[in-house]
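Worksheet for the structure shown next.
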2 protein chains.
Amino acid sequence: MKILVLGGDGFCGWPTSLHFAANGDDVLIVDDLSRRLIAEKISAPSLTPIRSVERRISAAQEIGNVSFASCDIANDSGTFKEILTRFKPDVVVHFAEQRSAPYSMLGDAERKYTVNNNICGTNNLFSALVELNQRPHIVHLGTMGVYGYNDDFGEIPEGYLDITVRQTEKDVTIPYPANPGSIYHMTKCLDHTMMQFYAKNWGFQITDLHQGIVWGTDTDITATNEDLINRFDYDGEYGTVLNRLISQAQIGHPLTVYGTGGQARAFIHIQDTARCVYIAASNPPKTGDPVQVFNQVAEVHTVRDLAQMLHDETGVKIGYQDNPRKEAAENNLRVSNEGLCSLGFEPITLANSLTAEIKATVGKYADRLDRSVIDSKARW
Amino acid sequence: MKILVLGGDGFCGWPTSLHFAANGDDVLIVDDLSRRLIAEKISAPSLTPIRSVERRISAAQEIGNVSFASCDIANDSGTFKEILTRFKPDVVVHFAEQRSAPYSMLGDAERKYTVNNNICGTNNLFSALVELNQRPHIVHLGTMGVYGYNDDFGEIPEGYLDITVRQTEKDVTIPYPANPGSIYHMTKCLDHTMMQFYAKNWGFQITDLHQGIVWGTDTDITATNEDLINRFDYDGEYGTVLNRLISQAQIGHPLTVYGTGGQARAFIHIQDTARCVYIAASNPPKTGDPVQVFNQVAEVHTVRDLAQMLHDETGVKIGYQDNPRKEAAENNLRVSNEGLCSLGFEPITLANSLTAEIKATVGKYADRLDRSVIDSKARW
């Protein structure tokens, strides 16, 4: 299959691209390298010494068929349409979005950038495909954060909620009510409504993967060659919570837990991100169906429990901080991940991989860690 | 009160701005004049000879305190922030969106323009207000089209639906599930989700007016001076259905009914648009409340019934056409408009105003009508 990976140079996009290539697919990465530029701008480069995209691609070509095109799909749909016309993808995996909630909440410029990039990018993708009359299966990276954390709804189903309309007493199924907690999460809610319309009106086959918080660095493929190494962010804006805590544990920095740490969240290892996207790409919904949603998650933990687990393992103390975010101090969370599991997904769990992760990556590059970027600058 | 009217040069924006001014408010219109530019681009100018914005403003100053600033809020938030800093509005009425469903469905350029303009514009508005720490009441023009036309939900409530979650058996109220029928309608759904987040996170007081299809031309104020005349669109893209039928009836052109004409839609006269926005502006929700929604509608008719009414009055025959849109051939529609009615709204109905409308406006300018723009070019 011909796989177009938008945002294929990023934290999730890179290992996913390699996973497709290693499985024999023809992979074209399209990326504007904005993640690298923002990392420079906020002075928080990857802990791991990721290589230039050219060197990455050159190393990737030993794994399989991988090429690269530079394009900002949100602002240059002319170039993007040329790429589509030439490549004619069977599947488009869409990671090309600003993916940090704290970054999206820093200020006016970051709010605007996140909305313009994510919403116009997604619309440009579909609009170009309508114009070119191409109908690849679109696999979009969503987030568990679109659901909010409301106990009234029970276990979080995969994208749709069964309800009874009280005034008509009719039983219907509706898209799960959006309840985002940041501008970033909001854009993923808007993406979903947009994709429902493109599916309904133009018959697109679309899968939206509502992913948990990703942790880890490398996959079995990126680990084979230093030139393929994946990025690892530990700063307050782009570091995902578990990766931040892991890196803090390694250097003996108090583990930054916001509020009580009672926030229950869903997690998934980066290796599983690649595997799940691969599974999803091979299992499109039927033409005419609404957007297919899978919850791409392995397990649920509270932030407090994660910190405790790391404390028990390393002895590093927990440093509770005032929560810089507006969110419930404590919540319950039960999530269905039946869709991907029924298609063969066998999750990697923290219990059997956490120590290895700390030693393999963070230990190796701990001298590159800059303590001044650990605290989040975003407040909301 | 200081009222900032974004898009105040447009079909609804102009009479609404004058209505506020006539009632003693201090009105600043911000507009990029894109509606005039698009009308030129698609060779479909207003049937009525609207004046330049300068001449309009000069005439408006006899009515009250009205001024004008040129700004594209979707692409020039620097200028927009200067305007906000200077004016410090108590209320922002937000009409600054591309408002034609058929135009939004013409092609790639129009889809992109509609999404970029509407979504980035709305986000820029709120993001700028967050930065400047201003919290005016925002009155946003939505559309009845966000609801879709699904009988399972019963009478369309004002923005929120009472449901029972089947797996928990809990009774909750949720934002009405979005079900847009065009890219334009989709942007209004996205706006709503965006505004719910801005209300929740930054305490904005927001009213979303889900408006029916507007008909008519002038209000009691615009009719007082030719320099204040409102625009009247009758072309296939920007003409609203009843105004298109009215203009066709006047010149003896077969009344263009799509499909069976069984589409039931909600209608409101342009005079009532101005009155309702005025009422809404004076009745903000409480800080901390979710977005307040009013259905801004007067009455419901099927397109077939409207055509029949005009046929009975003028003898002009009905010209049924294949429906260029994806929509149900026939639907039921019941809509609550309790919110605005409880605040004093007394709707103008077709029954008592239709003939006057035809004679007053369309009759007077019928020689300006270009038959070649009557048919819609959009297909979806």
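Here's how to read the names in the structure tokens: chain A, B, ... by the order shown, residue numbers from 1 in each chain, ligand numbers from 1 in the order shown.
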Which polymer residues have any atom within 12 Å of an atom of Pro136 of chain A, counting only C-alpha atoms, with same-chain residues fewer than 5 positions away left out, as a PDB file with N, CA and C atoms, in the first residue's frame?
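Final output, saved to out31.pdb:
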ATOM      1  N   MET A   1       0.840  -1.201   0.000  1.00  0.00           N
ATOM      2  CA  MET A   1       0.000   0.000   0.000  1.00  0.00           C
ATOM      3  C   MET A   1       0.876   1.253   0.000  1.00  0.00           C
ATOM      4  N   LYS A   2       0.332   2.319  -0.582  1.00  0.00           N
ATOM      5  CA  LYS A   2       1.031   3.611  -0.572  1.00  0.00           C
ATOM      6  C   LYS A   2       0.499   4.441   0.593  1.00  0.00           C
ATOM      7  N   ILE A   3       1.389   4.723   1.522  1.00  0.00           N
ATOM      8  CA  ILE A   3       0.991   5.395   2.760  1.00  0.00           C
ATOM      9  C   ILE A   3       1.594   6.794   2.797  1.00  0.00           C
ATOM     10  N   LEU A   4       0.741   7.786   2.856  1.00  0.00           N
ATOM     11  CA  LEU A   4       1.201   9.165   3.023  1.00  0.00           C
ATOM     12  C   LEU A   4       1.114   9.495   4.508  1.00  0.00           C
ATOM     13  N   LEU A  84      -0.125  15.011  -3.743  1.00  0.00           N
ATOM     14  CA  LEU A  84      -1.214  14.026  -3.827  1.00  0.00           C
ATOM     15  C   LEU A  84      -1.382  13.504  -5.253  1.00  0.00           C
ATOM     16  N   PHE A  87       1.577  11.112  -5.874  1.00  0.00           N
ATOM     17  CA  PHE A  87       1.732   9.910  -5.032  1.00  0.00           C
ATOM     18  C   PHE A  87       0.494   9.012  -5.029  1.00  0.00           C
ATOM     19  N   LYS A  88      -0.692   9.607  -5.129  1.00  0.00           N
ATOM     20  CA  LYS A  88      -1.950   8.838  -5.100  1.00  0.00           C
ATOM     21  C   LYS A  88      -1.991   7.819  -3.956  1.00  0.00           C
ATOM     22  N   PRO A  89      -2.081   8.305  -2.712  1.00  0.00           N
ATOM     23  CA  PRO A  89      -2.005   7.399  -1.557  1.00  0.00           C
ATOM     24  C   PRO A  89      -3.234   6.479  -1.436  1.00  0.00           C
ATOM     25  N   ASP A  90      -2.981   5.282  -0.893  1.00  0.00           N
ATOM     26  CA  ASP A  90      -4.096   4.409  -0.500  1.00  0.00           C
ATOM     27  C   ASP A  90      -4.579   4.765   0.899  1.00  0.00           C
ATOM     28  N   VAL A  91      -3.630   5.219   1.718  1.00  0.00           N
ATOM     29  CA  VAL A  91      -3.942   5.606   3.096  1.00  0.00           C
ATOM     30  C   VAL A  91      -3.215   6.911   3.391  1.00  0.00           C
ATOM     31  N   VAL A  92      -3.906   7.826   4.052  1.00  0.00           N
ATOM     32  CA  VAL A  92      -3.238   9.022   4.577  1.00  0.00           C
ATOM     33  C   VAL A  92      -3.306   8.948   6.099  1.00  0.00           C
ATOM     34  N   VAL A  93      -2.143   8.943   6.740  1.00  0.00           N
ATOM     35  CA  VAL A  93      -2.112   8.999   8.206  1.00  0.00           C
ATOM     36  C   VAL A  93      -1.818  10.445   8.578  1.00  0.00           C
ATOM     37  N   HIS A  94      -2.747  11.052   9.317  1.00  0.00           N
ATOM     38  CA  HIS A  94      -2.688  12.501   9.540  1.00  0.00           C
ATOM     39  C   HIS A  94      -2.265  12.822  10.979  1.00  0.00           C
ATOM     40  N   LEU A 125      -6.540  19.145   3.653  1.00  0.00           N
ATOM     41  CA  LEU A 125      -6.353  17.741   3.258  1.00  0.00           C
ATOM     42  C   LEU A 125      -7.608  17.210   2.562  1.00  0.00           C
ATOM     43  N   PHE A 126      -8.745  17.316   3.234  1.00  0.00           N
ATOM     44  CA  PHE A 126      -9.972  16.746   2.665  1.00  0.00           C
ATOM     45  C   PHE A 126     -10.426  17.500   1.419  1.00  0.00           C
ATOM     46  N   ALA A 128      -8.636  19.133  -0.720  1.00  0.00           N
ATOM     47  CA  ALA A 128      -7.773  18.778  -1.856  1.00  0.00           C
ATOM     48  C   ALA A 128      -8.175  17.414  -2.417  1.00  0.00           C
ATOM     49  N   LEU A 129      -8.454  16.478  -1.540  1.00  0.00           N
ATOM     50  CA  LEU A 129      -8.831  15.135  -2.001  1.00  0.00           C
ATOM     51  C   LEU A 129     -10.161  15.157  -2.750  1.00  0.00           C
ATOM     52  N   VAL A 130     -11.106  15.995  -2.290  1.00  0.00           N
ATOM     53  CA  VAL A 130     -12.373  16.146  -3.028  1.00  0.00           C
ATOM     54  C   VAL A 130     -12.069  16.664  -4.425  1.00  0.00           C
ATOM     55  N   ALA A 199     -17.116  12.702   5.627  1.00  0.00           N
ATOM     56  CA  ALA A 199     -17.535  11.297   5.442  1.00  0.00           C
ATOM     57  C   ALA A 199     -18.962  11.243   4.899  1.00  0.00           C
ATOM     58  N   TRP A 202     -19.057  13.345   1.145  1.00  0.00           N
ATOM     59  CA  TRP A 202     -18.235  12.905   0.020  1.00  0.00           C
ATOM     60  C   TRP A 202     -17.806  11.441   0.111  1.00  0.00           C
ATOM     61  N   GLY A 203     -18.359  10.719   1.088  1.00  0.00           N
ATOM     62  CA  GLY A 203     -18.104   9.285   1.149  1.00  0.00           C
ATOM     63  C   GLY A 203     -16.692   8.894   1.545  1.00  0.00           C
ATOM     64  N   PHE A 204     -16.001   9.753   2.290  1.00  0.00           N
ATOM     65  CA  PHE A 204     -14.664   9.367   2.758  1.00  0.00           C
ATOM     66  C   PHE A 204     -14.749   8.249   3.797  1.00  0.00           C
ATOM     67  N   GLN A 205     -13.786   7.331   3.733  1.00  0.00           N
ATOM     68  CA  GLN A 205     -13.592   6.332   4.788  1.00  0.00           C
ATOM     69  C   GLN A 205     -12.572   6.915   5.757  1.00  0.00           C
ATOM     70  N   ILE A 206     -12.995   7.125   6.983  1.00  0.00           N
ATOM     71  CA  ILE A 206     -12.154   7.840   7.953  1.00  0.00           C
ATOM     72  C   ILE A 206     -12.112   7.083   9.273  1.00  0.00           C
ATOM     73  N   THR A 207     -10.921   6.970   9.831  1.00  0.00           N
ATOM     74  CA  THR A 207     -10.765   6.411  11.171  1.00  0.00           C
ATOM     75  C   THR A 207     -10.137   7.474  12.066  1.00  0.00           C
ATOM     76  N   ALA A 281      -5.029   1.320   9.824  1.00  0.00           N
ATOM     77  CA  ALA A 281      -4.909   1.610   8.393  1.00  0.00           C
ATOM     78  C   ALA A 281      -5.408   0.443   7.546  1.00  0.00           C
ATOM     79  N   SER A 282      -5.232  -0.765   8.065  1.00  0.00           N
ATOM     80  CA  SER A 282      -5.641  -1.964   7.320  1.00  0.00           C
ATOM     81  C   SER A 282      -7.108  -2.301   7.509  1.00  0.00           C
ATOM     82  N   PRO A 284     -10.274  -0.164   7.293  1.00  0.00           N
ATOM     83  CA  PRO A 284     -11.112   1.023   7.108  1.00  0.00           C
ATOM     84  C   PRO A 284     -12.582   0.714   7.359  1.00  0.00           C
ATOM     85  N   PRO A 285     -13.351   1.746   7.695  1.00  0.00           N
ATOM     86  CA  PRO A 285     -14.802   1.562   7.744  1.00  0.00           C
ATOM     87  C   PRO A 285     -15.320   1.433   6.311  1.00  0.00           C
ATOM     88  N   THR A 287     -17.382   2.578   2.995  1.00  0.00           N
ATOM     89  CA  THR A 287     -17.786   3.843   2.374  1.00  0.00           C
ATOM     90  C   THR A 287     -19.238   4.131   2.753  1.00  0.00           C
TER      91      THR A 287
END
Produce a table with one row for each residue of segment 125-222 of chain A that has an atom at most 7 Å from any atom of segment 270-274 of chain A, each row naming the nearest atom pair and its distance in Å at one decimal; use only C-alpha atoms; arrange rows by chain and rising residue number; format as JSON lines.
{"residue": "A:Val214", "atom": "CA", "partner": "A:Ile270", "partner_atom": "CA", "distance": 5.8}
{"residue": "A:Trp215", "atom": "CA", "partner": "A:Ile270", "partner_atom": "CA", "distance": 5.9}
{"residue": "A:Gly216", "atom": "CA", "partner": "A:Ile270", "partner_atom": "CA", "distance": 5.6}
{"residue": "A:Thr217", "atom": "CA", "partner": "A:Ile270", "partner_atom": "CA", "distance": 6.5}
{"residue": "A:Asp218", "atom": "CA", "partner": "A:Gln271", "partner_atom": "CA", "distance": 6.9}
{"residue": "A:Thr219", "atom": "CA", "partner": "A:Gln271", "partner_atom": "CA", "distance": 4.8}
Taking only C-alpha atoms into account, which residues of chain B are within 7 Å of chain A, as a compact mmCIF listing (two decimals) with C-alpha atoms, in the first residue's frame?
# COMPACT_ATOMS: atom_id res chain seq x y z
CA ASP B 108 -11.56 23.82 -3.10
CA ARG B 111 -14.16 25.49 1.03
CA LYS B 112 -10.78 26.74 2.22
CA VAL B 115 -13.13 27.49 6.90
CA ASN B 116 -10.15 29.84 7.21
CA CYS B 120 -9.78 31.54 12.33
CA ASN B 123 -10.78 32.12 17.23
CA ASN B 124 -8.88 35.37 16.61
CA SER B 127 -7.99 34.89 21.57
CA ALA B 128 -7.47 38.64 21.22
CA GLU B 131 -4.93 38.58 25.63
CA ASP B 152 -35.72 11.37 16.25
CA PHE B 153 -34.89 14.36 18.40
CA GLY B 154 -38.41 15.90 18.32
CA ASP B 162 -32.14 16.45 27.41
CA ILE B 163 -31.04 12.85 27.25
CA THR B 164 -30.70 9.70 29.29
CA VAL B 165 -27.31 8.03 28.95
CA ARG B 166 -28.25 4.42 28.41
CA GLN B 167 -25.29 2.74 30.08
CA THR B 168 -25.52 4.78 33.29
CA LYS B 170 -28.31 9.18 34.12
CA ILE B 174 -25.85 18.01 26.30
CA PRO B 177 -25.53 16.98 18.37
CA PRO B 180 -24.30 20.20 9.35
CA MET B 186 -20.08 22.95 9.48
CA LEU B 190 -17.18 24.29 14.91
CA MET B 194 -15.03 26.63 20.15
CA PHE B 197 -14.50 26.11 25.37
Practice task
For segment 350-363 of chain B, list every protein, DNA or RNA residue within 9 Å, evaluated using only C-alpha atoms, and leave out those in the same chain fewer than 5 positions away; present the list as a count of residues only.
Solution key: 18
Exercise for the section: Would you mind writing down, as a count of residues only, each residue of segment 60-129 of chain B that DSSP on the backbone assigns to helix (DSSP H, G or I)? Expected result: 38
Handout entry: Residue set, segment 233-323 of chain B restricted to strand (DSSP E), as a list in words
Key = Leu255, Thr256, Val257, Tyr258, Ala264, Arg265, Ala266, Phe267, Ile268, His269, Gln292, Val293, Phe294, Asn295, Gln296, Glu299, Val300, His301, Thr302, Ile318, Gly319, Tyr320 and Gln321 of chain B
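Of note, atom CA of Thr314 of chain B and atom CA of Arg334 of chain B are spaced 28.8 Å apart.
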Exercise for the section: Determine, counting only C-alpha atoms, which protein, DNA and RNA residues have an atom within 9 Å of an atom of Val27 of chain B; residues of the same chain fewer than 2 positions away are not included. Present the result as number ranges by chain. Expected result: B: 1-5, 17-18, 20-21, 24-25, 29, 64-68
Exercise for the section: Mind checking which residues fall within 6 Å of segment 371-377 of chain B, counting only C-alpha atoms, ignoring those fewer than 2 positions away in the same chain, and posting them as JSON, numbers by chain? Expected result: {"B": [235, 236, 237]}
Problem - Surrounding residues of Arg231 of chain B excluding itself and chain neighbours under 2 positions, 8 Å, only C-alpha atoms, as a count of residues only - result: 10
Practice task
Work out how far apart atom CA of Val257 of chain B and atom CA of Tyr320 of chain B are and give it in Å to one decimal.
Solution key: 4.8 Å
Exercise for the section: Rounded to one decimal place, report the atom CA of Asp322 of chain B-atom CA of Thr302 of chain B distance in Å. Expected result: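 For atom CA of Asp322 of chain B relative to atom CA of Thr302 of chain B, the distance reads 16.5 Å.
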Problem - Asn337 of chain A environment, 10 Å, only C-alpha atoms, sequence neighbours closer than 2 positions dropped, as an MDAnalysis selection string - result: chainID A and resid 156:158 210 294:299 334:335 339:342 345
Writer output for current selection, N, CA and C atoms, as a compact mmCIF listing (two decimals), in the first residue's frame:
# COMPACT_ATOMS: atom_id res chain seq x y z
N ILE A 156 -15.99 5.16 28.85
CA ILE A 156 -15.93 5.90 27.59
C ILE A 156 -15.96 4.92 26.42
N PRO A 157 -17.03 5.02 25.62
CA PRO A 157 -17.15 4.13 24.47
C PRO A 157 -16.28 4.66 23.34
N GLU A 158 -16.28 3.96 22.20
CA GLU A 158 -15.40 4.37 21.12
C GLU A 158 -16.11 5.35 20.19
N HIS A 210 -8.61 7.99 18.93
CA HIS A 210 -8.54 8.81 20.13
C HIS A 210 -7.50 8.20 21.05
N PHE A 294 -11.57 4.49 17.16
CA PHE A 294 -10.95 3.54 18.09
C PHE A 294 -10.30 4.34 19.20
N ASN A 295 -10.46 3.88 20.43
CA ASN A 295 -9.69 4.45 21.53
C ASN A 295 -8.34 3.75 21.57
N GLN A 296 -7.31 4.49 21.26
CA GLN A 296 -5.97 3.92 21.14
C GLN A 296 -5.25 4.04 22.48
N VAL A 297 -5.57 3.15 23.37
CA VAL A 297 -5.05 3.22 24.74
C VAL A 297 -4.72 1.82 25.23
N ALA A 298 -3.76 1.76 26.16
CA ALA A 298 -3.36 0.48 26.72
C ALA A 298 -3.89 0.30 28.14
N GLU A 299 -3.75 1.34 28.97
CA GLU A 299 -4.09 1.20 30.39
C GLU A 299 -4.36 2.56 31.00
N ARG A 334 -12.83 5.05 33.00
CA ARG A 334 -12.85 3.71 32.41
C ARG A 334 -13.02 3.91 30.91
N VAL A 335 -12.23 3.21 30.13
CA VAL A 335 -12.18 3.43 28.69
C VAL A 335 -12.26 2.10 27.96
N GLY A 339 -12.14 -2.03 20.12
CA GLY A 339 -11.99 -2.03 18.67
C GLY A 339 -10.63 -2.53 18.25
N LEU A 340 -9.57 -1.90 18.71
CA LEU A 340 -8.22 -2.30 18.32
C LEU A 340 -7.86 -3.67 18.89
N CYS A 341 -8.29 -3.96 20.13
CA CYS A 341 -7.99 -5.28 20.71
C CYS A 341 -8.62 -6.39 19.88
N SER A 342 -9.84 -6.14 19.37
CA SER A 342 -10.51 -7.17 18.57
C SER A 342 -9.78 -7.39 17.25
N PHE A 345 -4.63 -6.03 18.72
CA PHE A 345 -3.75 -5.18 19.52
C PHE A 345 -3.51 -5.81 20.91
